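A.B. asks: Take this structure, written in structure tokens, and hold onto it; I'll ask about it next.
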Amino acid sequence: RRVHGIVTEIQITTVISVFYSLIEPDSPQIMVFSLKKPDKFDSLRPFKVIHQTLGITAINFQKHSLVGYTELLLVPLKPELRNFVLNAKQCRIYQVCFNGDLDATFEYNDPTLEICSSESNQRNLDHFDACHSGVVSSVDPDAGNGELTIKIPQKLEASMRECRPVKVNLEFSLENPSGGLQFVVPDGSGSDVDRGCHAFSYGRENSSRLWFPCVDAESEPCTWSLRVTVDNGMTPVCPGELVDTVYNADSSQKTFYYSLNVPTSAPNIGIAVGPFEILVDPAMHEVTHFCLPELKTLLSHTTSFLHQVIEFYEQTVGNRFPYSNYKQVFVDQAPFVSQSYASMGLFDTNLLHHSGIIDHVPEAMTRIAQVVATQFFGCFITRARWSDAWLPKAMAGYLSGLYRCKTFGTNEYLYSVREDIRTVCAYEADTGEMILDAQRKEPAQSVSTRYIDVMEKKAYLVMRIMEHRVGRDTLIQVLSKLLSLASQCAGAKYSSGTWSNILVSTHSFFKLVAMVSGKDLASILEQWIFQSGCPSLHANYTFNRKRNCIELDIIQEPGRKGVSKYMGPLTVRIQETDGSFLHTILIEDMTSHHDVICHSKGRRPRKKRVPLMNGEEIDVDFNYIEDDSPVMWVRLDPDMLLIRRLEIRQSDYMWHYQARFERDVTAQLDAVVGLLAFPNAIAKICLSDIVENDRCFYRVRLAALHSLASVVTSMASSVVASSSSSLSVGYESLLKLFRRMYGSRSCPEIIKLNDFSNFQSYFLLQAFPLAMSRIRNSFNLCPKEVLAFILDLIKYNDNRLNKFSDGSYRSVLVEALSRTITPAPSLVTSSDKLTPEANVVLEEITRLLNLEKVIQSYKYEVTVACIKALRVAQCNGHIPLSSEIFQSYARVGIFIEVRLAAFHCLVDMLSETSSRGLLAYLLDAVEEDPEPRVRYSLVNMLIDKPPFLAVSRGTHPLDTVHLVDRLWLTINSMTSHDSFLRGDLVTLYRTMYGSGQPCCLPPLDLPLQTAGAKRRHPVADSSGGAEEEMRRRKKQRRYLEEVGSVESGLDSRDGSPTSMDGSRRTSPNRDGSR
């Protein structure tokens, strides 16, 4: 379009529409499915929210309550509209009126308070899933439903017919919320400000309804005004820009006014209120950081790189940051380590660290970078519907992946991709239900925390596949166009369909990518997005000298759970004596045979300079090759473009060459693992050379060190007669290697003073004791020399001249010490019956545990390691089975990482003791613990190591009717305000009982009863569900008390504390720990 001779930018939707009209619907150059006009994301909701004002007038930290109001500017879309339906849970609604003076009647109904009818005797998840799907759909805002129905007065019927905007005003309060809003009130005396009381919102996927009335849908963006009144000393942090601060008449309170002019959906609105210390980023004044008192020094160091992240993202996508400012808030008791809201990031305060910390820096940088990327895709550009939730996560993950690649290097980036593939494949094998975009996908309220985490990883991996298919420049161009179009429409005033360009769907996104790239992407949709499962490929090959080719056989196993069938191209890279050659084969069947021609001759000299993939030439000794094959090694899918399990069989010399000469870190890691199948002297030499090679990537060196310990053990156990001498030689070789790298010059037997300035050397130093503690003789016992070696490391550890903290290193030494513990000859009942080795180990663990109470390490890492070491001693029969020590460390008030370690030990003990008392204690923590992260983590621990499995079929002593009733009651009616906890408990229930009726229950002759219909409550008070839950809880307690008393020693929760005190907020110690 030309205006006065100047070409102006036109909307990309217009270009797409014109382009679609010029091509055939089945044009193979673009996509194999028909192309239609872009989705308009039409919702079943009969009105549109233009603007919403949210005001918090009072916050009471002692009562865990707040009082507020909200005003929604709504535009009717249908003349016959008679009701407005909103979302609200837990809130007590006092008044609803239109245009500020016209009162209206309203009705509240929350069917999620009880999923299945209480009269039903069904206890199977098939019945629950059917009821839950109907219940969630009945309050789904995308379907035009909700918990709060407001009747439009007759005086406004004329306005409805003319579709004129109206204002809806609501006054509400929130008391003792069970989810969505976390109040942190430390014990002690003084004011709320002095004690560090604070509150913040949390939750994922449509959780804003838990603390204020709204249309809780990603597909409903609008502008916002937020007003929060707090006491002096408190600071509220909200999305948007702070425009004004007004004191009240006596200056005891002040009101903060925030304005968010970028259209944003309600799920991306959050809040944090507390006595925060404020730090304006010195390199970028639009960025502000907030933390709890006395942590500002740690805050400054942790966030010093943030401006580089924002600048990198802006340069990559060619667009400015979507909001005028950005705020980061660090809070205590955060359920998730990080969470994104519009122009605001919420983080766990345990991410803060000082300059002496090494191990936790990458995680903190990755988390912060991910949240900033979510500001572009996830908060600014959001999904159209729940089935499209994977797409913003994929784009944000892809953007943050580019930053990780730039900051940590390509090798670390490839290693993380390799680990993500393994995580996704393992989850698919366990559940087999990871479908990114399904026509009938489970709603957000039905999934677990682990599902969301794995979905983010798989979505990011799919985006990598797309990047390879269309090219990085093309994909970044698409992302840039999406942001440009969204920025253009976000700055315009509302009109019909204006803000729909902020929403993105799978279908419209792939259409846009196909149009820009001109490539067929249907195979990506079908293989990775519209179906679940990961391919499992097993490859074997032989060299045909006569034809000078390799005969490659690939077999798939699609019959197992979580395994899908793959049909498509597969890249094969063959390293030959004349160079590296890339081939592409086509997988067309479950078993496929391929002849790949080699470019090199079979005859060759003993030594030759061989060109590698990166152009480097190396001298190779071919004496190890057994035949006349020119093939040095073979790799399948070298660029990791498939989300797959892959197993390839090669000769030992091929693994040797691949480990020594391949320059790709993933290939080196595969070779190091492959050498475990060939425990011989050549493998031992090869692994030792990799460990000593400081030019090799440090993660490869760590893997080689652990493989070396396994090879030494296998070599010793393979020859029983000479196992002692063989083991001694293997141990001495590792010890010489360690002394050569870390021993003092004057006395190699004594380790050098700590100097962690070389990070690769530091991580390798940590790996040495762990690797050596894995060495075993033919009797599966750890040699005494290994124990003495680790004790010497603890004894001579000197960190006086080191500028970095040695807390992580000392915790690793404790872990290595615990790994030397071997099974006791008989169960030990008193200390005088301990073996000398076990006695030394337990004395050292006790000493370090007591020392930790005086001089704390960062995040109590040494205490965590000591707790886990005590559990190892229990498992090996060196100390009696008792849960008292772990329960004392699991008490409320103890540092979160210590509590989780103690709970992990208790869950592990449960599988061994099958104690009903211990199981009841753990379930009490799941239901009543004040920290959401403890509840989520504990349930996932039980999922990883359940008390019993469904295959026990009622024979396990813990598989009782009472346990079924308790879990069912918790899932059905006690987790209505915490959808993630409900989803995790459903996963636990399915792990123990399957999807059908538990075997311990009597058979049912009654038909299934559906509880999905709405249940009308006579009072319009959504907080009534809390009283109903309390009644059910008391009834449950009385019911469980009739079961009988629990075992003695396992239900003690009042034992003497043996850990640090329970303060929630502490000042940093001299080493920066809290």
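So you can find residues: chains in the structure tokens are A, B, ... in the order shown, residues in each start at 1, and ligands are numbered from 1 in order.
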So which residues of segment 48-294 of chain A fall under strand (DSSP E or B) by DSSP, listed as a PyMOL selection string?

C.D. replies: chain A and resi 48-60+65-76+83-87+92-98+102-103+106-108+148-151+166-175+181-184+198-201+214+222-231+235-237+241-247+253-264+272-274+277-280+287-291

A.B. asks: May I have all residues of segment 307-438 of chain A that DSSP, computed from the backbone, assigns to helix (DSSP H, G or I), given as a PyMOL selection string?

C.D. replies: chain A and resi 307-317+349-351+361-376+386-388+390-408+410-431

A.B. asks: Show me, as a Markdown table, the residues of segment 203-259 of chain A having an atom within 7 Å of segment 83-103 of chain A, each with the closest atom pair and its distance in Å, using only C-alpha atoms.

C.D. replies:
| residue | atom | partner | partner_atom | distance |
| --- | --- | --- | --- | --- |
| A:Arg209 | CA | A:Ala88 | CA | 4.7 |
| A:Leu210 | CA | A:Lys89 | CA | 4.9 |
| A:Trp211 | CA | A:Cys91 | CA | 6.6 |
| A:Phe212 | CA | A:Ala88 | CA | 6.4 |
| A:Pro213 | CA | A:Ala88 | CA | 4.6 |
| A:Cys214 | CA | A:Asn87 | CA | 5.4 |
| A:Val215 | CA | A:Leu86 | CA | 5.3 |
| A:Asp216 | CA | A:Asn87 | CA | 6.1 |

A.B. asks: Using only C-alpha atoms, can you tell me which of A:Cys999, A:Thr70, A:Val610, A:Met434 comes closest to His956 of chain A?

C.D. replies: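 Answer, going by the shortest atom-to-atom distance: A:Cys999.
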
A.B. asks: Could you pull the residues within 12 Å of segment 686-689 of chain A, counting only C-alpha atoms, minus those fewer than 6 positions along the same chain, as number ranges by chain?

C.D. replies: A: 652-661, 668-669, 671-676, 678-680, 695-696, 700-712, 730, 733-738

A.B. asks: Using C-alpha atoms, can you write the selected residues to a file as a compact mmCIF listing (two decimals), in the first residue's frame?

C.D. replies:
# COMPACT_ATOMS: atom_id res chain seq x y z
CA ASP A 652 34.83 -51.91 21.19
CA TYR A 653 37.48 -50.26 19.02
CA MET A 654 34.77 -48.11 17.40
CA TRP A 655 33.71 -46.83 20.83
CA HIS A 656 37.39 -46.14 21.57
CA TYR A 657 37.84 -44.07 18.42
CA GLN A 658 34.54 -42.26 18.95
CA ALA A 659 35.43 -41.39 22.55
CA ARG A 660 38.92 -40.17 21.65
CA PHE A 661 38.47 -38.37 18.35
CA GLN A 668 31.56 -38.60 23.31
CA LEU A 669 29.03 -39.24 26.09
CA ALA A 671 30.94 -43.60 23.57
CA VAL A 672 31.86 -43.32 27.24
CA VAL A 673 28.67 -45.21 28.13
CA GLY A 674 29.25 -47.72 25.33
CA LEU A 675 32.69 -48.63 26.72
CA LEU A 676 31.01 -50.01 29.86
CA PHE A 678 33.87 -53.78 27.20
CA PRO A 679 35.71 -53.71 30.55
CA ASN A 680 39.30 -54.28 29.49
CA ARG A 695 40.61 -29.76 26.43
CA CYS A 696 37.70 -32.17 26.71
CA VAL A 700 32.45 -35.84 29.27
CA ARG A 701 35.34 -36.03 31.72
CA LEU A 702 32.92 -36.59 34.60
CA ALA A 703 31.13 -39.37 32.72
CA ALA A 704 34.48 -40.93 31.79
CA LEU A 705 35.56 -40.90 35.43
CA HIS A 706 32.43 -42.73 36.58
CA SER A 707 32.73 -45.20 33.72
CA LEU A 708 36.37 -45.76 34.65
CA ALA A 709 35.36 -46.74 38.18
CA SER A 710 32.78 -49.17 36.80
CA VAL A 711 35.32 -50.67 34.39
CA VAL A 712 37.82 -51.16 37.22
CA GLY A 730 42.60 -50.48 39.41
CA SER A 733 45.55 -46.20 38.95
CA LEU A 734 42.66 -43.96 40.00
CA LEU A 735 44.55 -42.79 43.05
CA LYS A 736 47.64 -41.95 41.01
CA LEU A 737 45.47 -40.06 38.57
CA PHE A 738 43.94 -38.03 41.42

A.B. asks: With only C-alpha atoms as the basis for distance, which of A:Asn544, A:Lys393, A:Lys481, A:Ile894 is at the shortest distance from Pro186 of chain A?

C.D. replies: A:Ile894

A.B. asks: Residues at most 12 Å from Glu647 of chain A, counting only C-alpha atoms, excluding those fewer than 4 positions away in the same chain, as an MDAnalysis selection string?

C.D. replies: chainID A and resid 535:541 553:557 634:637 670:671 673:674

A.B. asks: Given the selection you just returned, output its residues as a file containing N, CA and C atoms, formatted as a CSV table (one decimal), in the first residue's frame.

C.D. replies:
chain,number,residue,atom,x,y,z
A,535,PRO,N,9.7,-42.7,19.4
A,535,PRO,CA,10.2,-43.9,18.7
A,535,PRO,C,11.4,-44.5,19.5
A,536,SER,N,11.5,-45.8,19.4
A,536,SER,CA,12.5,-46.6,20.0
A,536,SER,C,13.3,-47.3,18.9
A,537,LEU,N,14.5,-46.9,18.6
A,537,LEU,CA,15.3,-47.4,17.5
A,537,LEU,C,16.5,-48.3,18.0
A,538,HIS,N,16.6,-49.4,17.4
A,538,HIS,CA,17.7,-50.3,17.7
A,538,HIS,C,18.4,-50.6,16.4
A,539,ALA,N,19.7,-50.3,16.4
A,539,ALA,CA,20.5,-50.3,15.1
A,539,ALA,C,21.7,-51.3,15.3
A,540,ASN,N,21.9,-52.0,14.2
A,540,ASN,CA,23.1,-52.9,14.2
A,540,ASN,C,23.6,-52.9,12.7
A,541,TYR,N,24.9,-53.0,12.5
A,541,TYR,CA,25.4,-52.9,11.2
A,541,TYR,C,26.6,-53.8,11.0
A,553,ASP,N,20.8,-52.3,9.8
A,553,ASP,CA,19.5,-52.8,10.1
A,553,ASP,C,18.9,-52.0,11.3
A,554,ILE,N,17.7,-51.5,11.1
A,554,ILE,CA,17.1,-50.7,12.2
A,554,ILE,C,15.7,-51.3,12.5
A,555,ILE,N,15.5,-51.6,13.8
A,555,ILE,CA,14.3,-52.2,14.3
A,555,ILE,C,13.6,-51.3,15.3
A,556,GLN,N,12.3,-51.2,15.2
A,556,GLN,CA,11.5,-50.4,16.1
A,556,GLN,C,10.7,-51.3,17.0
A,557,GLU,N,10.3,-50.8,18.2
A,557,GLU,CA,9.5,-51.5,19.1
A,557,GLU,C,8.3,-50.7,19.5
A,634,VAL,N,29.9,-45.1,13.7
A,634,VAL,CA,28.7,-44.7,13.0
A,634,VAL,C,27.8,-44.1,14.1
A,635,ARG,N,27.1,-43.0,13.7
A,635,ARG,CA,26.2,-42.3,14.5
A,635,ARG,C,24.8,-42.2,13.8
A,636,LEU,N,23.8,-42.4,14.6
A,636,LEU,CA,22.4,-42.2,14.0
A,636,LEU,C,21.8,-40.9,14.7
A,637,ASP,N,21.1,-40.1,13.9
A,637,ASP,CA,20.5,-38.9,14.3
A,637,ASP,C,21.5,-38.0,15.1
A,670,ASP,N,28.0,-40.8,24.5
A,670,ASP,CA,27.5,-42.1,24.1
A,670,ASP,C,28.6,-43.1,24.1
A,671,ALA,N,29.8,-42.7,23.6
A,671,ALA,CA,30.9,-43.6,23.6
A,671,ALA,C,31.4,-44.0,25.0
A,673,VAL,N,29.6,-44.2,27.6
A,673,VAL,CA,28.7,-45.2,28.1
A,673,VAL,C,28.8,-46.5,27.4
A,674,GLY,N,29.1,-46.5,26.1
A,674,GLY,CA,29.3,-47.7,25.3
A,674,GLY,C,30.4,-48.5,25.8
